[in-house]
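Heads up: the structure comes next, in structure tokens.
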Amino acid sequence: MLVAMKAVIPAAGWGVRFLPLTKEQPKEMLPVIDKPVIQYVVEEAAAAGIGDIIIITGRHKRTIEDHFDRSFELESILRNGNRKALLDSISGLHELADLHYIRQHEQRGLGDAVYRARHHVGNEPFAVMLGDTIHVSEVPVVKQLMQVHARTGRAVIAAERVPGEKVKDYGVLDAVRMEDRLYDVKDLVEKPRPEEAPSDLCIAGTYVLTPGIFECLERTEPGYNGEVQLTDALRLLREKEGLLAWEFVGKRYDIGDIPGWLSAQLELALKHPVYGERLRERIKELDRKEHFL
């Protein structure tokens, strides 16, 4: 049986890989088709039954709060103009979950961002969902992790297979298979060279953690760039309580840089029920004229 769980969405980074686009606009508010990235994340949490969400923000992130707040004037304009579809697309955003905002005043890494939520989370297991990751799956990926935690009582991280040349961009797991898709983590290696990677099973940016992670974060010394790495704290949590990895079922879109963002835009737009066919026809038309494919 799944227990009610809170989610923490870290969204305080500068988004430097997207500059100048993110000079004044949060990376998490970049549009993917017709809504910002972070809305996909909040919707996944809500679909998993998570009703209490803490978003860790920073400077220039106020637009995230405004997006999930009500806009009575805009709703009135749409209602009076009989534009029901557009009205429906925004009127329920504030009801997706109870949203709370905690500011990370200094950029001290993902681990520190998670640590900011300790008082709100309390002594309960909770989910961590990165604010720049979109999943397409029949069962929400975070719910898959919640189900694993419900039957094991242990912290669990989402994992996926990554081509060998790309493991250098990920945290990589040294893990032993326990059953189909479930692994016992023996170690975590941050961005190894391909020839030194213990596997091709990589950390995929969604977690269900026990409250013991906060004590581990307190013990974690800042690393690269003076930042507290969540991976280092997870290594301590593994020693203390054990740690599982779940090779999730679904497709992940990492909006971590411009190529990833553009790729997600294209793939998701081609699958979109309203815009997909129109886009496919436009690509065919351009290819006939320009031969660019």
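Labels for the structure tokens follow display order: chains A, B, ..., residues from 1 in each chain, ligands from 1.
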**OP:** Write out as a PyMOL selection string which residues come within 9 Å of region 37-46 of chain A when counting only C-alpha atoms, dropping same-chain ones fewer than 3 positions away.
**Re:** chain A and resi 7+9+11+27-32+49-53+64+67-68+93+96-97+127+129-135+140-143+255
**OP:** Return as a ChimeraX atom specification the full set of residues in region 14-126 of chain A whose backbone-based DSSP assignment is alpha helix (DSSP H).
**Re:** /A:37-47,62-67,72-80,84-91,109-115,118-121
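Using only C-alpha atoms, the smallest distance between any of A:His120, A:Arg108, A:Arg83, A:Arg193 and Gly223 (chain A) comes from A:Arg108.
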**OP:** Mind checking which residues fall within 10 Å of Asp200 (chain A), counting only C-alpha atoms, ignoring those fewer than 5 positions away in the same chain, and posting them as a VMD selection string?
**Re:** chain A and resid 159 to 167 170 to 174 194
Keeping only all heavy atoms, write the selected residues to a file as an mmCIF file, in the first residue's frame.
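Final file, result.cif:
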data_model
loop_
_atom_site.group_PDB
_atom_site.id
_atom_site.type_symbol
_atom_site.label_atom_id
_atom_site.label_comp_id
_atom_site.auth_asym_id
_atom_site.auth_seq_id
_atom_site.Cartn_x
_atom_site.Cartn_y
_atom_site.Cartn_z
ATOM 1 N N ALA A 159 16.874 4.591 -12.443
ATOM 2 C CA ALA A 159 18.066 4.328 -13.239
ATOM 3 C C ALA A 159 17.667 4.002 -14.667
ATOM 4 O O ALA A 159 16.554 3.522 -14.924
ATOM 5 C CB ALA A 159 18.864 3.170 -12.638
ATOM 6 N N GLU A 160 18.577 4.276 -15.592
ATOM 7 C CA GLU A 160 18.353 3.918 -16.987
ATOM 8 C C GLU A 160 19.679 3.557 -17.634
ATOM 9 O O GLU A 160 20.750 3.985 -17.202
ATOM 10 C CB GLU A 160 17.687 5.067 -17.754
ATOM 11 C CG GLU A 160 18.540 6.297 -17.918
ATOM 12 C CD GLU A 160 17.868 7.377 -18.760
ATOM 13 O OE1 GLU A 160 16.931 7.050 -19.506
ATOM 14 O OE2 GLU A 160 18.289 8.537 -18.663
ATOM 15 N N ARG A 161 19.601 2.756 -18.700
ATOM 16 C CA ARG A 161 20.777 2.379 -19.463
ATOM 17 C C ARG A 161 21.169 3.535 -20.384
ATOM 18 O O ARG A 161 20.319 4.131 -21.044
ATOM 19 C CB ARG A 161 20.504 1.135 -20.293
ATOM 20 C CG ARG A 161 20.090 -0.087 -19.475
ATOM 21 C CD ARG A 161 21.250 -0.706 -18.765
ATOM 22 N NE ARG A 161 20.853 -1.818 -17.896
ATOM 23 C CZ ARG A 161 21.688 -2.510 -17.141
ATOM 24 N NH1 ARG A 161 22.978 -2.210 -17.139
ATOM 25 N NH2 ARG A 161 21.241 -3.479 -16.376
ATOM 26 N N VAL A 162 22.463 3.816 -20.427
ATOM 27 C CA VAL A 162 22.982 4.928 -21.222
ATOM 28 C C VAL A 162 24.091 4.399 -22.128
ATOM 29 O O VAL A 162 24.922 3.601 -21.673
ATOM 30 C CB VAL A 162 23.516 6.048 -20.306
ATOM 31 C CG1 VAL A 162 24.252 7.107 -21.105
ATOM 32 C CG2 VAL A 162 22.374 6.677 -19.529
ATOM 33 N N PRO A 163 24.134 4.807 -23.403
ATOM 34 C CA PRO A 163 25.224 4.371 -24.282
ATOM 35 C C PRO A 163 26.586 4.682 -23.682
ATOM 36 O O PRO A 163 26.775 5.703 -23.018
ATOM 37 C CB PRO A 163 24.981 5.182 -25.566
ATOM 38 C CG PRO A 163 23.526 5.498 -25.538
ATOM 39 C CD PRO A 163 23.168 5.671 -24.090
ATOM 40 N N GLY A 164 27.549 3.795 -23.936
ATOM 41 C CA GLY A 164 28.854 3.877 -23.299
ATOM 42 C C GLY A 164 29.542 5.221 -23.394
ATOM 43 O O GLY A 164 30.146 5.690 -22.427
ATOM 44 N N GLU A 165 29.443 5.883 -24.543
ATOM 45 C CA GLU A 165 30.146 7.149 -24.708
ATOM 46 C C GLU A 165 29.511 8.285 -23.920
ATOM 47 O O GLU A 165 30.098 9.354 -23.766
ATOM 48 C CB GLU A 165 30.200 7.533 -26.197
ATOM 49 C CG GLU A 165 28.873 7.923 -26.838
ATOM 50 C CD GLU A 165 28.029 6.737 -27.296
ATOM 51 O OE1 GLU A 165 28.426 5.589 -26.993
ATOM 52 O OE2 GLU A 165 26.998 6.964 -27.957
ATOM 53 N N LYS A 166 28.296 8.057 -23.381
ATOM 54 C CA LYS A 166 27.599 9.119 -22.650
ATOM 55 C C LYS A 166 27.671 8.962 -21.134
ATOM 56 O O LYS A 166 27.215 9.836 -20.411
ATOM 57 C CB LYS A 166 26.132 9.177 -23.084
ATOM 58 C CG LYS A 166 25.938 9.648 -24.528
ATOM 59 C CD LYS A 166 24.471 9.834 -24.840
ATOM 60 C CE LYS A 166 24.280 10.394 -26.254
ATOM 61 N NZ LYS A 166 22.842 10.607 -26.561
ATOM 62 N N VAL A 167 28.237 7.868 -20.635
ATOM 63 C CA VAL A 167 28.250 7.665 -19.188
ATOM 64 C C VAL A 167 29.061 8.740 -18.467
ATOM 65 O O VAL A 167 28.830 9.012 -17.285
ATOM 66 C CB VAL A 167 28.782 6.266 -18.813
ATOM 67 C CG1 VAL A 167 27.873 5.178 -19.343
ATOM 68 C CG2 VAL A 167 30.215 6.073 -19.295
ATOM 69 N N TYR A 170 27.025 11.299 -16.506
ATOM 70 C CA TYR A 170 26.054 10.836 -15.517
ATOM 71 C C TYR A 170 26.745 10.309 -14.258
ATOM 72 O O TYR A 170 27.935 9.992 -14.254
ATOM 73 C CB TYR A 170 25.201 9.694 -16.093
ATOM 74 C CG TYR A 170 24.248 10.126 -17.180
ATOM 75 C CD1 TYR A 170 24.666 10.216 -18.511
ATOM 76 C CD2 TYR A 170 22.921 10.447 -16.893
ATOM 77 C CE1 TYR A 170 23.789 10.605 -19.514
ATOM 78 C CE2 TYR A 170 22.039 10.833 -17.889
ATOM 79 C CZ TYR A 170 22.482 10.913 -19.192
ATOM 80 O OH TYR A 170 21.613 11.296 -20.173
ATOM 81 N N GLY A 171 25.951 10.162 -13.206
ATOM 82 C CA GLY A 171 26.346 9.332 -12.085
ATOM 83 C C GLY A 171 26.055 7.892 -12.468
ATOM 84 O O GLY A 171 24.961 7.575 -12.946
ATOM 85 N N VAL A 172 27.029 7.003 -12.286
ATOM 86 C CA VAL A 172 26.918 5.619 -12.752
ATOM 87 C C VAL A 172 26.882 4.683 -11.552
ATOM 88 O O VAL A 172 27.567 4.902 -10.542
ATOM 89 C CB VAL A 172 28.092 5.254 -13.680
ATOM 90 C CG1 VAL A 172 27.937 3.829 -14.206
ATOM 91 C CG2 VAL A 172 28.165 6.235 -14.851
ATOM 92 N N LEU A 173 26.086 3.623 -11.659
ATOM 93 C CA LEU A 173 25.864 2.707 -10.543
ATOM 94 C C LEU A 173 26.682 1.432 -10.686
ATOM 95 O O LEU A 173 26.748 0.834 -11.769
ATOM 96 C CB LEU A 173 24.380 2.337 -10.467
ATOM 97 C CG LEU A 173 23.405 3.504 -10.272
ATOM 98 C CD1 LEU A 173 21.975 2.998 -10.344
ATOM 99 C CD2 LEU A 173 23.661 4.207 -8.957
ATOM 100 N N ASP A 174 27.298 1.051 -9.591
ATOM 101 C CA ASP A 174 27.847 -0.289 -9.440
ATOM 102 C C ASP A 174 26.799 -1.044 -8.642
ATOM 103 O O ASP A 174 26.614 -0.795 -7.441
ATOM 104 C CB ASP A 174 29.180 -0.214 -8.694
ATOM 105 C CG ASP A 174 29.821 -1.594 -8.536
ATOM 106 O OD1 ASP A 174 29.233 -2.585 -8.992
ATOM 107 O OD2 ASP A 174 30.903 -1.659 -7.923
ATOM 108 N N PRO A 194 34.425 6.558 -19.730
ATOM 109 C CA PRO A 194 33.734 5.337 -20.177
ATOM 110 C C PRO A 194 34.469 4.057 -19.830
ATOM 111 O O PRO A 194 33.851 3.063 -19.429
ATOM 112 C CB PRO A 194 33.631 5.542 -21.695
ATOM 113 C CG PRO A 194 33.574 7.025 -21.858
ATOM 114 C CD PRO A 194 34.481 7.573 -20.797
#
**OP:** Would you list the contacts of region 258-275 of chain A as a ChimeraX atom specification, taking every protein, DNA or RNA residue within 8 Å and counting only C-alpha atoms, but skipping same-chain residues closer than 5 positions in sequence?
**Re:** /A:17-18,32-33,253,280
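Near Ala117 (chain A), within a cut-off of 10 Å and counting only C-alpha atoms, sit the residues Ala7, Val8, Ile9, Pro10, Ile54, Ile55, Ile56, His100, Tyr101, Ile102, Arg103, Gln104, Asp112, Ala113, Val121, Gly122 and Phe214 of chain A, with same-chain residues fewer than 4 positions away left out.
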**OP:** Determine which residues of region 20-218 of chain A receive a DSSP assignment of strand (DSSP E), computed from the backbone, and state them as number ranges by chain.
**Re:** A: 31-32, 35-36, 52-57, 98-103, 126-129, 133-136, 155-161, 171-179, 182-190, 201-209
**OP:** With a distance cut-off of 9 Å and only C-alpha atoms, select the neighbouring residues of Leu234 (chain A), excluding the residue or stretch itself and same-chain residues fewer than 2 positions from it, and output the selection as a ChimeraX atom specification.
**Re:** /A:188,213,216-217,229-232,236-239,243
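Among A:Arg219, A:Arg154, A:His119, A:Lys168, the residue with the shortest atom-to-atom distance to Tyr183 (chain A), counting only C-alpha atoms, is A:Arg154.
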Subject >> 10 Å contact set for Val16 (chain A), only C-alpha atoms, chain neighbours under 5 positions out, as an MDAnalysis selection string >> reply: chainID A and resid 21:23 27 256:257
What would the file look like if the residues just selected were written as a PDB file, in the first residue's frame with N, CA and C atoms?
ATOM      1  N   LEU A  21      19.291  32.757 -23.079  1.00  0.00           N
ATOM      2  CA  LEU A  21      17.855  32.540 -22.916  1.00  0.00           C
ATOM      3  C   LEU A  21      17.429  32.564 -21.458  1.00  0.00           C
ATOM      4  N   THR A  22      18.304  32.098 -20.563  1.00  0.00           N
ATOM      5  CA  THR A  22      17.946  31.989 -19.150  1.00  0.00           C
ATOM      6  C   THR A  22      18.529  33.112 -18.295  1.00  0.00           C
ATOM      7  N   LYS A  23      18.922  34.206 -18.922  1.00  0.00           N
ATOM      8  CA  LYS A  23      19.457  35.321 -18.141  1.00  0.00           C
ATOM      9  C   LYS A  23      18.417  35.843 -17.152  1.00  0.00           C
ATOM     10  N   LYS A  27      15.290  28.218 -16.193  1.00  0.00           N
ATOM     11  CA  LYS A  27      15.357  27.091 -17.121  1.00  0.00           C
ATOM     12  C   LYS A  27      14.113  26.223 -17.012  1.00  0.00           C
ATOM     13  N   GLY A 256      18.510  19.293 -19.963  1.00  0.00           N
ATOM     14  CA  GLY A 256      19.669  19.837 -19.287  1.00  0.00           C
ATOM     15  C   GLY A 256      20.514  20.761 -20.130  1.00  0.00           C
ATOM     16  N   ASP A 257      20.333  20.695 -21.434  1.00  0.00           N
ATOM     17  CA  ASP A 257      21.078  21.578 -22.329  1.00  0.00           C
ATOM     18  C   ASP A 257      20.244  21.806 -23.580  1.00  0.00           C
TER      19      ASP A 257
END
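You will find CA of Leu99 (chain A) at 13.8 Å from CA of Thr63 (chain A).
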